[in-house]
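Reproduced below: query_33.cif, with mmCIF, C-alpha atoms and all ligand atoms.
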data_input
#
loop_
_atom_site.label_atom_id
_atom_site.label_comp_id
_atom_site.auth_asym_id
_atom_site.auth_seq_id
_atom_site.Cartn_x
_atom_site.Cartn_y
_atom_site.Cartn_z
CA MET K 1 -18.38 5.93 -15.20
CA ALA K 2 -16.19 6.30 -18.27
CA ALA K 3 -14.79 2.98 -19.50
CA PHE K 4 -11.04 2.89 -18.83
CA LYS K 5 -8.68 0.23 -20.12
CA GLU K 6 -6.74 0.18 -16.86
CA LEU K 7 -8.10 -0.06 -13.34
CA VAL K 8 -5.67 0.81 -10.59
CA PHE K 9 -6.24 -0.26 -6.97
CA SER K 10 -4.12 0.14 -3.87
CA GLY K 11 -4.56 0.53 -0.14
CA VAL K 12 -2.90 1.75 3.04
CA GLN K 13 -3.64 0.47 6.53
CA PRO K 14 -4.82 3.01 9.10
CA THR K 15 -2.47 1.73 11.78
CA GLY K 16 -0.91 5.09 12.76
CA ASN K 17 2.60 6.49 12.20
CA LEU K 18 2.27 6.93 8.44
CA HIS K 19 5.89 7.35 7.30
CA LEU K 20 8.18 8.35 4.47
CA GLY K 21 8.29 4.72 3.20
CA ASN K 22 4.50 4.67 2.85
CA TYR K 23 4.69 8.02 1.05
CA LEU K 24 7.53 7.30 -1.38
CA GLY K 25 6.81 3.59 -1.89
CA ALA K 26 3.05 3.93 -2.26
CA ILE K 27 1.11 7.20 -1.85
CA ARG K 28 3.28 9.27 -4.17
CA ARG K 29 2.97 6.56 -6.82
CA PHE K 30 -0.82 6.67 -6.38
CA VAL K 31 -0.71 10.36 -7.28
CA GLU K 32 1.43 9.65 -10.35
CA MET K 33 -1.00 6.97 -11.54
CA GLN K 34 -3.70 9.60 -11.83
CA GLY K 35 -1.85 10.81 -14.93
CA ARG K 36 -2.69 7.55 -16.75
CA GLU K 37 -5.82 6.70 -18.69
CA ALA K 38 -7.07 4.74 -15.72
CA GLN K 39 -9.76 4.62 -13.09
CA CYS K 40 -7.87 4.71 -9.79
CA LEU K 41 -9.27 3.44 -6.49
CA TYR K 42 -7.39 4.25 -3.30
CA CYS K 43 -8.58 2.50 -0.20
CA VAL K 44 -8.01 2.97 3.52
CA VAL K 45 -7.90 -0.71 4.44
CA ASP K 46 -9.44 -0.61 7.90
CA MET K 47 -10.42 -4.30 7.83
CA HIS K 48 -6.75 -5.18 7.43
CA ALA K 49 -5.87 -2.87 10.33
CA ILE K 50 -7.95 -4.89 12.83
CA THR K 51 -5.97 -8.06 12.15
CA LEU K 52 -3.94 -6.62 15.04
CA TRP K 53 -6.05 -5.11 17.85
CA GLN K 54 -6.76 -1.38 17.42
CA ASP K 55 -8.25 1.01 19.93
CA PRO K 56 -11.65 1.90 18.35
CA GLU K 57 -11.43 5.66 18.94
CA ALA K 58 -7.83 5.80 17.72
CA LEU K 59 -8.76 3.72 14.66
CA ARG K 60 -11.41 6.23 13.59
CA GLY K 61 -8.80 9.03 13.84
CA GLN K 62 -6.24 6.97 11.90
CA ILE K 63 -8.75 6.31 9.09
CA ARG K 64 -9.28 10.06 8.80
CA GLU K 65 -5.53 10.66 8.95
CA VAL K 66 -4.72 8.28 6.07
CA THR K 67 -7.53 9.85 4.03
CA ALA K 68 -6.08 13.29 4.78
CA ALA K 69 -2.62 12.06 3.73
CA PHE K 70 -4.01 10.80 0.40
CA LEU K 71 -5.61 14.16 -0.32
CA ALA K 72 -2.69 16.24 0.99
CA ALA K 73 -0.27 14.29 -1.22
CA GLY K 74 -2.33 15.17 -4.30
CA ILE K 75 -4.95 12.47 -4.81
CA ASP K 76 -7.99 14.17 -6.30
CA PRO K 77 -11.12 12.58 -4.78
CA LYS K 78 -13.21 13.57 -7.79
CA ARG K 79 -10.95 11.94 -10.31
CA SER K 80 -9.92 8.97 -8.16
CA ILE K 81 -12.17 6.97 -5.84
CA VAL K 82 -11.05 7.42 -2.21
CA PHE K 83 -12.84 5.23 0.33
CA ASN K 84 -12.50 2.95 3.32
CA GLN K 85 -12.75 -0.80 2.90
CA SER K 86 -15.34 -1.54 5.59
CA GLN K 87 -17.95 0.59 3.81
CA VAL K 88 -17.93 -1.71 0.78
CA PRO K 89 -19.23 -5.15 1.81
CA GLN K 90 -18.07 -6.87 -1.40
CA HIS K 91 -14.47 -7.02 -0.08
CA ALA K 92 -15.49 -9.41 2.71
CA GLU K 93 -17.88 -11.37 0.50
CA LEU K 94 -15.26 -12.03 -2.15
CA ALA K 95 -12.66 -12.84 0.51
CA TRP K 96 -14.86 -15.73 1.68
CA ILE K 97 -15.15 -17.12 -1.84
CA PHE K 98 -11.36 -16.76 -2.24
CA ASN K 99 -10.84 -18.56 1.08
CA CYS K 100 -12.33 -21.54 -0.70
CA VAL K 101 -10.01 -21.09 -3.71
CA ALA K 102 -6.67 -20.34 -2.00
CA ARG K 103 -4.70 -23.28 -0.59
CA LEU K 104 -3.29 -23.58 2.92
CA GLY K 105 0.13 -24.34 1.46
CA TRP K 106 0.13 -21.00 -0.34
CA LEU K 107 -0.65 -19.05 2.82
CA ASN K 108 1.91 -21.00 4.83
CA ARG K 109 4.60 -19.50 2.61
CA MET K 110 3.69 -15.86 3.33
CA THR K 111 6.68 -14.24 5.02
CA GLN K 112 4.80 -11.20 6.34
CA PHE K 113 2.61 -13.44 8.51
CA LYS K 114 5.71 -15.15 9.87
CA ASP K 115 7.30 -11.76 10.65
CA LYS K 116 4.20 -10.26 12.24
CA ALA K 117 3.09 -13.33 14.19
CA GLY K 118 6.66 -13.92 15.41
CA LYS K 119 7.18 -16.74 17.89
CA ASP K 120 3.65 -16.50 19.30
CA ARG K 121 1.93 -17.91 16.20
CA GLU K 122 -0.74 -19.83 18.09
CA ASN K 123 -1.97 -16.55 19.48
CA ALA K 124 -2.11 -14.64 16.17
CA SER K 125 -5.58 -13.81 14.84
CA ILE K 126 -6.97 -15.86 11.97
CA GLY K 127 -7.44 -12.52 10.20
CA LEU K 128 -3.67 -11.89 10.29
CA TYR K 129 -3.09 -15.28 8.63
CA ASP K 130 -5.84 -14.66 6.08
CA TYR K 131 -4.73 -11.08 5.32
CA PRO K 132 -3.36 -11.88 1.82
CA VAL K 133 -6.68 -13.47 0.79
CA LEU K 134 -8.59 -10.34 1.80
CA MET K 135 -5.98 -8.33 -0.11
CA ALA K 136 -6.67 -10.42 -3.23
CA ALA K 137 -10.38 -9.71 -2.76
CA ASP K 138 -9.70 -5.95 -2.38
CA ILE K 139 -7.97 -5.93 -5.75
CA LEU K 140 -10.14 -8.37 -7.67
CA ALA K 141 -13.52 -7.07 -6.47
CA TYR K 142 -12.75 -4.29 -8.98
CA ARG K 143 -10.96 -6.60 -11.46
CA ALA K 144 -8.01 -4.23 -11.05
CA THR K 145 -5.31 -4.50 -13.71
CA HIS K 146 -2.53 -2.59 -11.89
CA VAL K 147 -1.50 -2.28 -8.24
CA PRO K 148 1.21 0.20 -7.16
CA VAL K 149 2.84 -1.05 -3.91
CA GLY K 150 6.13 -1.10 -2.04
CA GLU K 151 8.41 -4.09 -2.50
CA ASP K 152 7.27 -5.70 0.77
CA GLN K 153 3.91 -6.46 -0.86
CA LYS K 154 5.38 -8.37 -3.81
CA GLN K 155 4.65 -11.81 -2.37
CA HIS K 156 1.04 -10.88 -1.59
CA LEU K 157 0.57 -9.66 -5.16
CA GLU K 158 1.88 -12.98 -6.44
CA LEU K 159 -0.73 -14.73 -4.31
CA THR K 160 -3.42 -12.48 -5.81
CA ARG K 161 -2.33 -13.60 -9.26
CA ASP K 162 -2.39 -17.26 -8.18
CA ILE K 163 -5.91 -16.89 -6.76
CA ALA K 164 -7.17 -15.17 -9.95
CA GLN K 165 -5.61 -17.90 -12.07
CA LYS K 166 -7.04 -20.73 -9.99
CA PHE K 167 -10.51 -19.17 -9.91
CA ASN K 168 -10.39 -18.76 -13.70
CA THR K 169 -9.37 -22.42 -14.08
CA ASP K 170 -11.67 -23.91 -11.41
CA PHE K 171 -14.70 -22.22 -12.96
CA ALA K 172 -13.54 -22.15 -16.59
CA GLN K 173 -16.76 -23.62 -18.02
CA SER K 174 -19.07 -21.42 -16.04
CA ILE K 175 -16.93 -18.37 -16.95
CA ALA K 176 -16.91 -19.27 -20.68
CA ALA K 177 -20.70 -19.70 -20.59
CA ARG K 178 -20.85 -16.06 -19.54
CA GLU K 179 -18.64 -15.06 -22.45
CA TYR K 180 -15.53 -14.02 -20.56
CA ASP K 181 -13.18 -15.66 -22.98
CA ASP K 182 -9.92 -14.74 -21.23
CA GLY K 183 -11.08 -15.67 -17.74
CA PHE K 184 -13.10 -13.51 -15.38
CA PHE K 185 -10.32 -12.09 -13.23
CA PRO K 186 -7.33 -10.28 -14.74
CA ILE K 187 -3.82 -11.36 -13.79
CA THR K 188 -3.00 -8.13 -12.02
CA GLU K 189 0.31 -6.36 -12.70
CA PRO K 190 2.18 -5.15 -9.62
CA ILE K 191 3.81 -1.75 -10.08
CA ILE K 192 6.90 -1.80 -7.88
CA GLY K 193 10.13 0.03 -8.45
CA GLY K 194 12.13 3.22 -8.35
CA PRO K 195 14.70 4.23 -5.74
CA ALA K 196 12.17 4.09 -2.86
CA ALA K 197 10.43 0.76 -3.42
CA ARG K 198 11.91 -0.32 -0.10
CA VAL K 199 12.78 2.52 2.27
CA MET K 200 14.86 1.25 5.18
CA SER K 201 14.90 2.17 8.87
CA LEU K 202 17.08 5.16 9.78
CA ARG K 203 18.48 3.13 12.69
CA ASP K 204 19.23 -0.08 10.78
CA GLY K 205 19.69 -0.14 7.01
CA THR K 206 18.84 -3.84 6.83
CA LYS K 207 15.30 -3.42 8.24
CA LYS K 208 12.46 -1.73 6.38
CA MET K 209 11.08 1.56 7.69
CA SER K 210 7.89 0.51 9.43
CA LYS K 211 4.96 1.95 11.37
CA SER K 212 5.31 -0.64 14.10
CA ASP K 213 9.04 -0.10 14.84
CA PRO K 214 9.13 0.86 18.55
CA SER K 215 11.80 3.51 17.83
CA ASP K 216 10.28 6.73 16.49
CA ASN K 217 13.80 7.69 15.34
CA SER K 218 13.73 4.77 12.88
CA ARG K 219 11.24 6.57 10.64
CA ILE K 220 10.20 9.98 9.38
CA ASN K 221 6.50 10.33 10.08
CA LEU K 222 4.43 12.33 7.63
CA THR K 223 3.27 14.45 10.56
CA ASP K 224 6.82 15.27 11.81
CA ASP K 225 7.71 18.98 11.87
CA ALA K 226 10.79 20.42 10.17
CA ASP K 227 13.01 20.28 13.29
CA THR K 228 12.11 16.67 13.99
CA ILE K 229 12.82 15.63 10.38
CA ALA K 230 16.21 17.38 10.44
CA GLN K 231 17.08 15.85 13.80
CA LYS K 232 16.14 12.31 12.74
CA ILE K 233 18.25 12.59 9.57
CA ARG K 234 21.18 14.03 11.54
CA ARG K 235 20.99 11.07 13.93
CA ALA K 236 20.46 8.46 11.19
CA LYS K 237 22.96 5.60 11.44
CA THR K 238 25.78 5.80 8.88
CA ASP K 239 29.33 4.51 8.45
CA PRO K 240 32.54 6.57 8.65
CA GLU K 241 33.35 6.51 4.91
CA PRO K 242 32.51 9.38 2.51
CA LEU K 243 29.92 8.72 -0.20
CA PRO K 244 31.27 6.81 -3.21
CA SER K 245 31.08 8.21 -6.75
CA GLU K 246 29.78 4.94 -8.25
CA ILE K 247 26.73 2.81 -7.36
CA ALA K 248 28.97 -0.23 -6.84
CA GLY K 249 30.51 1.60 -3.88
CA LEU K 250 27.16 1.45 -2.03
CA LYS K 251 27.29 -2.34 -1.86
CA GLU K 252 27.58 -3.59 1.74
CA ARG K 253 26.73 -0.06 2.96
CA PRO K 254 22.97 -0.38 3.61
CA GLU K 255 22.58 2.89 5.54
CA ALA K 256 24.45 4.96 2.95
CA ASP K 257 22.50 3.23 0.18
CA ASN K 258 19.21 4.05 1.93
CA LEU K 259 20.00 7.76 2.39
CA VAL K 260 21.15 8.07 -1.23
CA GLY K 261 17.93 6.33 -2.33
CA LEU K 262 15.89 8.76 -0.25
CA TYR K 263 17.65 11.74 -1.79
CA ALA K 264 17.09 10.30 -5.27
CA ALA K 265 13.39 9.62 -4.67
CA LEU K 266 12.69 12.99 -3.07
CA SER K 267 14.42 14.91 -5.86
CA ASP K 268 13.15 12.64 -8.64
CA VAL K 269 16.57 11.71 -9.98
CA SER K 270 18.53 8.44 -10.09
CA ARG K 271 20.97 7.22 -7.43
CA GLU K 272 23.72 7.70 -10.04
CA ASP K 273 22.78 11.39 -10.34
CA VAL K 274 22.97 11.80 -6.56
CA LEU K 275 26.42 10.21 -6.46
CA ARG K 276 27.55 12.43 -9.34
CA ASP K 277 26.76 15.44 -7.11
CA PHE K 278 27.78 14.04 -3.72
CA GLY K 279 30.46 11.42 -4.51
CA GLY K 280 33.36 11.99 -2.10
CA ALA K 281 31.22 14.07 0.31
CA GLN K 282 31.12 13.30 4.03
CA PHE K 283 27.79 12.62 5.74
CA SER K 284 28.27 15.92 7.57
CA THR K 285 27.66 17.58 4.18
CA PHE K 286 25.15 15.11 2.74
CA LYS K 287 22.80 14.82 5.74
CA PRO K 288 21.95 18.55 5.98
CA ALA K 289 21.28 18.61 2.21
CA LEU K 290 18.99 15.58 2.58
CA ALA K 291 17.25 17.16 5.59
CA ASP K 292 16.58 20.39 3.67
CA LEU K 293 15.22 18.44 0.73
CA ALA K 294 12.99 16.24 2.93
CA VAL K 295 11.61 19.26 4.79
CA SER K 296 10.89 21.14 1.57
CA LYS K 297 8.93 18.15 0.17
CA LEU K 298 7.20 16.99 3.33
CA ALA K 299 6.34 20.19 5.21
CA PRO K 300 3.59 21.27 2.76
CA ILE K 301 2.04 17.78 2.95
CA ALA K 302 2.16 17.76 6.75
CA GLY K 303 0.52 21.21 6.91
CA GLU K 304 -2.27 20.18 4.56
CA MET K 305 -2.75 16.89 6.45
CA ARG K 306 -3.20 18.81 9.71
CA ARG K 307 -5.73 21.15 8.13
CA LEU K 308 -7.73 18.34 6.50
CA SER K 309 -7.59 15.98 9.50
CA SER K 310 -9.40 18.55 11.61
CA ASP K 311 -12.21 18.81 9.05
CA THR K 312 -13.95 15.58 10.03
CA ALA K 313 -17.14 16.35 8.10
CA TYR K 314 -15.24 16.88 4.85
CA ILE K 315 -13.11 13.74 5.23
CA GLU K 316 -16.14 11.60 6.05
CA ALA K 317 -18.04 13.03 3.06
CA VAL K 318 -15.12 12.09 0.78
CA LEU K 319 -15.16 8.52 2.17
CA ALA K 320 -18.95 8.21 1.84
CA ASP K 321 -18.92 9.42 -1.76
CA GLY K 322 -15.93 7.19 -2.62
CA SER K 323 -17.53 4.13 -0.99
CA GLU K 324 -20.68 4.59 -3.01
CA ARG K 325 -18.69 4.87 -6.26
CA ALA K 326 -16.52 1.88 -5.32
CA GLU K 327 -19.55 -0.24 -4.53
CA ALA K 328 -21.09 0.67 -7.87
CA ILE K 329 -18.13 -1.14 -9.49
CA ALA K 330 -17.77 -4.02 -7.02
CA ARG K 331 -21.45 -4.98 -6.67
CA PRO K 332 -22.07 -6.01 -10.30
CA ASN K 333 -18.71 -7.83 -10.32
CA LEU K 334 -19.76 -9.81 -7.24
CA ASP K 335 -23.12 -10.61 -8.80
CA ILE K 336 -21.28 -12.23 -11.71
CA VAL K 337 -18.90 -14.06 -9.36
CA LYS K 338 -21.90 -15.48 -7.47
CA ASP K 339 -23.45 -16.63 -10.74
CA ILE K 340 -20.15 -18.18 -11.82
CA VAL K 341 -19.79 -20.06 -8.53
CA GLY K 342 -23.38 -21.34 -8.69
CA PHE K 343 -25.12 -19.37 -5.95
CA VAL K 344 -28.80 -18.52 -6.29
CA ARG K 345 -29.20 -14.80 -5.77
CA ARG K 346 -32.01 -12.35 -5.40
CA PRO K 347 -32.55 -10.45 -8.67
CA ARG K 348 -31.83 -6.73 -8.37
CA GLY K 349 -35.04 -4.73 -8.76
N1 LIG F 1 9.55 0.95 4.09
C1 LIG F 1 8.77 1.01 3.01
N2 LIG F 1 9.27 1.35 1.81
C2 LIG F 1 8.49 1.42 0.69
N3 LIG F 1 7.16 1.17 0.73
C3 LIG F 1 6.60 0.83 1.91
N4 LIG F 1 5.34 0.51 2.28
C4 LIG F 1 5.31 0.24 3.60
N5 LIG F 1 6.53 0.36 4.12
C5 LIG F 1 7.36 0.73 3.10
C6 LIG F 1 4.22 0.50 1.35
O1 LIG F 1 3.20 1.34 1.87
C7 LIG F 1 1.94 0.82 1.47
C8 LIG F 1 1.02 0.79 2.64
O2 LIG F 1 1.53 -0.09 3.61
P1 LIG F 1 0.56 -0.65 4.73
O3 LIG F 1 0.32 0.37 5.71
O4 LIG F 1 -0.67 -1.17 4.14
O5 LIG F 1 1.28 -1.90 5.27
P2 LIG F 1 2.72 -2.24 5.72
O6 LIG F 1 3.54 -2.63 4.56
O7 LIG F 1 2.56 -3.29 6.75
O8 LIG F 1 3.27 -0.90 6.35
P3 LIG F 1 4.32 -0.71 7.50
O9 LIG F 1 4.53 0.71 7.59
O10 LIG F 1 5.52 -1.52 7.32
O11 LIG F 1 3.55 -1.20 8.78
P4 LIG F 1 3.91 -2.35 9.79
O12 LIG F 1 4.90 -1.81 10.70
O13 LIG F 1 2.59 -2.61 10.46
O14 LIG F 1 4.39 -3.53 9.00
C9 LIG F 1 2.19 -0.55 0.83
O15 LIG F 1 2.15 -0.42 -0.58
C10 LIG F 1 3.57 -0.88 1.28
O16 LIG F 1 4.26 -1.70 0.36
#

Starting from the coordinates I provided, produce the structure as structure tokens.
Amino acid sequence: MAAFKELVFSGVQPTGNLHLGNYLGAIRRFVEMQGREAQCLYCVVDMHAITLWQDPEALRGQIREVTAAFLAAGIDPKRSIVFNQSQVPQHAELAWIFNCVARLGWLNRMTQFKDKAGKDRENASIGLYDYPVLMAADILAYRATHVPVGEDQKQHLELTRDIAQKFNTDFAQSIAAREYDDGFFPITEPIIGGPAARVMSLRDGTKKMSKSDPSDNSRINLTDDADTIAQKIRRAKTDPEPLPSEIAGLKERPEADNLVGLYAALSDVSREDVLRDFGGAQFSTFKPALADLAVSKLAPIAGEMRRLSSDTAYIEAVLADGSERAEAIARPNLDIVKDIVGFVRRPRG
């Protein structure tokens, strides 16, 4: 492998209903990152998916579907490493070591656990609680320097940085003895931003667009056909006012703000540019323009996803090749971590 200065890692859960938020907030950014001088690893995080029960047969299909979405969106599996988490055992191994570094108080502050566990906390899986520690292991098994994610993952990325820092401090002497002068783990940079860092539900502009929302009308799925996309945008909740000409006019108008953000992200311009073109327009004018734009961007991806999803052998070959290449990076890193921690390990022959 060529030595790159940057190592980019990110993942998507195969939990079904991949949506426009996942695409604009994450997958499209993954594609853009391929333009940097970086080794990129893109992971289908199936071990995260089972923190909530998944039907085994459906899970296999969902893993293939997320892989197909990566490829259909433009991730090149030769240039980037595309794989599924469960095929690389170092994620789970490092997660255990990090379980012994992370503090209960840190995890108790994680808002996503509170949201997902809801009122029935006692009944949530331990995996759901421990999710952010496994996420830190996903990233740091590769000593990744950059992680493109949607805004909802910001707190988890901060935890990853805290774990890296604490590991570097707890084992400072052992790390220095191995000549890693700046600590063993990097303090990973989150890459969050742009007009679609947080895409909101089409039914409620104060809630994020999410796979698990019971209303299918709340999101645009990457597999939706043109008519469905147009219909969902037509029915999207809005207010009776026309669009403002200035950004300040979007304040307190979450649904309008969300649709303007979507238009900006899909056409690669700023919100200000969108308002320059549509300021004063009614939603009856803006929504069809947004629907046309969304269909023109998403229909080719949906078509390619369908074609690739049905080619099981190809998708599984991509994942097998990617897992092997990912493990070739993670395994030597884990060997060093085990030495740092003080484990006795079998020499590699
Ligand atoms: N609404 C969103 N806007 C922008 N980015 C988003 N992401 C998710 N929702 C939005 C980003 O997509 C990546 C993959 O997410 P994930 O599947 O691993 O987990 P998630 O955040 O739990 O996704 P969902 O869709 O919201 O699922 P549920 O309903 O299960 O909670 C991440 O980079 C995420 O930030």

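Considering only C-alpha atoms and all ligand atoms, the residue among K:Thr169, K:Ser323, K:Ser201, K:Ser212 positioned nearest to ligand LIG 1 (chain F) is K:Ser212.
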
I'd like to know which of K:Ala58, K:Thr51, K:Asn258, K:Thr67 is closest to K:Asn123, using all atoms listed in the file.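 Closest candidate: K:Thr51.
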
In terms of the shortest atom-to-atom distance over only C-alpha atoms, which of K:Ala38, K:Met209, K:Ala256, K:Leu298 is closest to K:Glu151?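 Under the stated criterion, the closest residue is K:Met209.
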
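Nearest to K:Gly322 of all the residues K:Asp76, K:Glu189, K:Asp162, K:Asp224 is K:Asp76, counting only C-alpha atoms.
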
Selection near K:Thr206, 12 Å with all atoms listed in the file, sequence-local residues under 5 positions removed, as a PyMOL selection string: chain K and resi 198-201+218+237+252-258

At a cut-off of 9 Å and counting all atoms listed in the file, what residues surround ligand LIG 1 (chain F)? Please answer as JSON, numbers by chain. {"K": [10, 11, 12, 13, 14, 15, 16, 17, 18, 19, 20, 21, 22, 23, 24, 25, 26, 27, 44, 45, 48, 49, 52, 112, 115, 116, 147, 148, 149, 150, 151, 152, 153, 154, 192, 196, 197, 198, 199, 200, 201, 207, 208, 209, 210, 211, 212, 213, 219]}

note - atom CA of K:Ile63 and atom CA of K:Gly35 are separated by 25.4 Å

K:Ala95: which residues within 10 Å, counting all atoms listed in the file, same-chain residues fewer than 3 positions away excluded, as a ChimeraX atom specification? /K:90-92,98-102,130-138,140-141

Residues of the last selection are to be written out with C-alpha atoms, as a PDB file, in the coordinates of the input.
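part-v8.pdb was written with the following content:
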ATOM      1  CA  GLN K  90     -18.070  -6.870  -1.400  1.00  0.00           C
ATOM      2  CA  HIS K  91     -14.470  -7.020  -0.080  1.00  0.00           C
ATOM      3  CA  ALA K  92     -15.490  -9.410   2.710  1.00  0.00           C
ATOM      4  CA  PHE K  98     -11.360 -16.760  -2.240  1.00  0.00           C
ATOM      5  CA  ASN K  99     -10.840 -18.560   1.080  1.00  0.00           C
ATOM      6  CA  CYS K 100     -12.330 -21.540  -0.700  1.00  0.00           C
ATOM      7  CA  VAL K 101     -10.010 -21.090  -3.710  1.00  0.00           C
ATOM      8  CA  ALA K 102      -6.670 -20.340  -2.000  1.00  0.00           C
ATOM      9  CA  ASP K 130      -5.840 -14.660   6.080  1.00  0.00           C
ATOM     10  CA  TYR K 131      -4.730 -11.080   5.320  1.00  0.00           C
ATOM     11  CA  PRO K 132      -3.360 -11.880   1.820  1.00  0.00           C
ATOM     12  CA  VAL K 133      -6.680 -13.470   0.790  1.00  0.00           C
ATOM     13  CA  LEU K 134      -8.590 -10.340   1.800  1.00  0.00           C
ATOM     14  CA  MET K 135      -5.980  -8.330  -0.110  1.00  0.00           C
ATOM     15  CA  ALA K 136      -6.670 -10.420  -3.230  1.00  0.00           C
ATOM     16  CA  ALA K 137     -10.380  -9.710  -2.760  1.00  0.00           C
ATOM     17  CA  ASP K 138      -9.700  -5.950  -2.380  1.00  0.00           C
ATOM     18  CA  LEU K 140     -10.140  -8.370  -7.670  1.00  0.00           C
ATOM     19  CA  ALA K 141     -13.520  -7.070  -6.470  1.00  0.00           C
TER      20      ALA K 141
END

Add whatever atoms are absent from stretch 63-75 of chain K to reach N, CA, C and O atoms, and provide the output as a short mmCIF file (atom, residue, chain, number, x, y, z; two decimals), in the coordinates of the input.
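This is the output file rebuild03.cif:
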data_model
loop_
_atom_site.label_atom_id
_atom_site.label_comp_id
_atom_site.auth_asym_id
_atom_site.auth_seq_id
_atom_site.Cartn_x
_atom_site.Cartn_y
_atom_site.Cartn_z
N ILE K 63 -8.09 6.41 10.42
CA ILE K 63 -8.75 6.31 9.09
C ILE K 63 -8.83 7.71 8.48
O ILE K 63 -8.51 7.91 7.30
N ARG K 64 -9.19 8.68 9.32
CA ARG K 64 -9.28 10.06 8.80
C ARG K 64 -7.89 10.56 8.42
O ARG K 64 -7.72 11.27 7.44
N GLU K 65 -6.88 10.17 9.22
CA GLU K 65 -5.53 10.66 8.95
C GLU K 65 -4.98 10.11 7.62
O GLU K 65 -4.37 10.85 6.84
N VAL K 66 -5.21 8.83 7.34
CA VAL K 66 -4.72 8.28 6.07
C VAL K 66 -5.46 8.94 4.91
O VAL K 66 -4.85 9.29 3.88
N THR K 67 -6.76 9.17 5.09
CA THR K 67 -7.53 9.85 4.03
C THR K 67 -6.94 11.25 3.80
O THR K 67 -6.73 11.66 2.65
N ALA K 68 -6.66 11.95 4.89
CA ALA K 68 -6.08 13.29 4.78
C ALA K 68 -4.72 13.23 4.08
O ALA K 68 -4.39 14.10 3.26
N ALA K 69 -3.94 12.19 4.37
CA ALA K 69 -2.62 12.06 3.73
C ALA K 69 -2.79 11.85 2.22
O ALA K 69 -2.05 12.43 1.42
N PHE K 70 -3.75 11.02 1.83
CA PHE K 70 -4.01 10.80 0.40
C PHE K 70 -4.28 12.15 -0.28
O PHE K 70 -3.69 12.48 -1.31
N LEU K 71 -5.18 12.91 0.32
CA LEU K 71 -5.61 14.16 -0.32
C LEU K 71 -4.47 15.18 -0.29
O LEU K 71 -4.20 15.86 -1.29
N ALA K 72 -3.77 15.27 0.85
CA ALA K 72 -2.69 16.24 0.99
C ALA K 72 -1.56 15.94 0.00
O ALA K 72 -0.89 16.85 -0.50
N ALA K 73 -1.36 14.67 -0.29
CA ALA K 73 -0.27 14.29 -1.22
C ALA K 73 -0.64 14.60 -2.68
O ALA K 73 0.22 14.59 -3.54
N GLY K 74 -1.93 14.80 -2.93
CA GLY K 74 -2.33 15.17 -4.30
C GLY K 74 -3.33 14.24 -4.96
O GLY K 74 -3.57 14.36 -6.16
N ILE K 75 -3.90 13.31 -4.21
CA ILE K 75 -4.95 12.47 -4.81
C ILE K 75 -6.22 13.31 -4.89
O ILE K 75 -6.65 13.91 -3.89
#
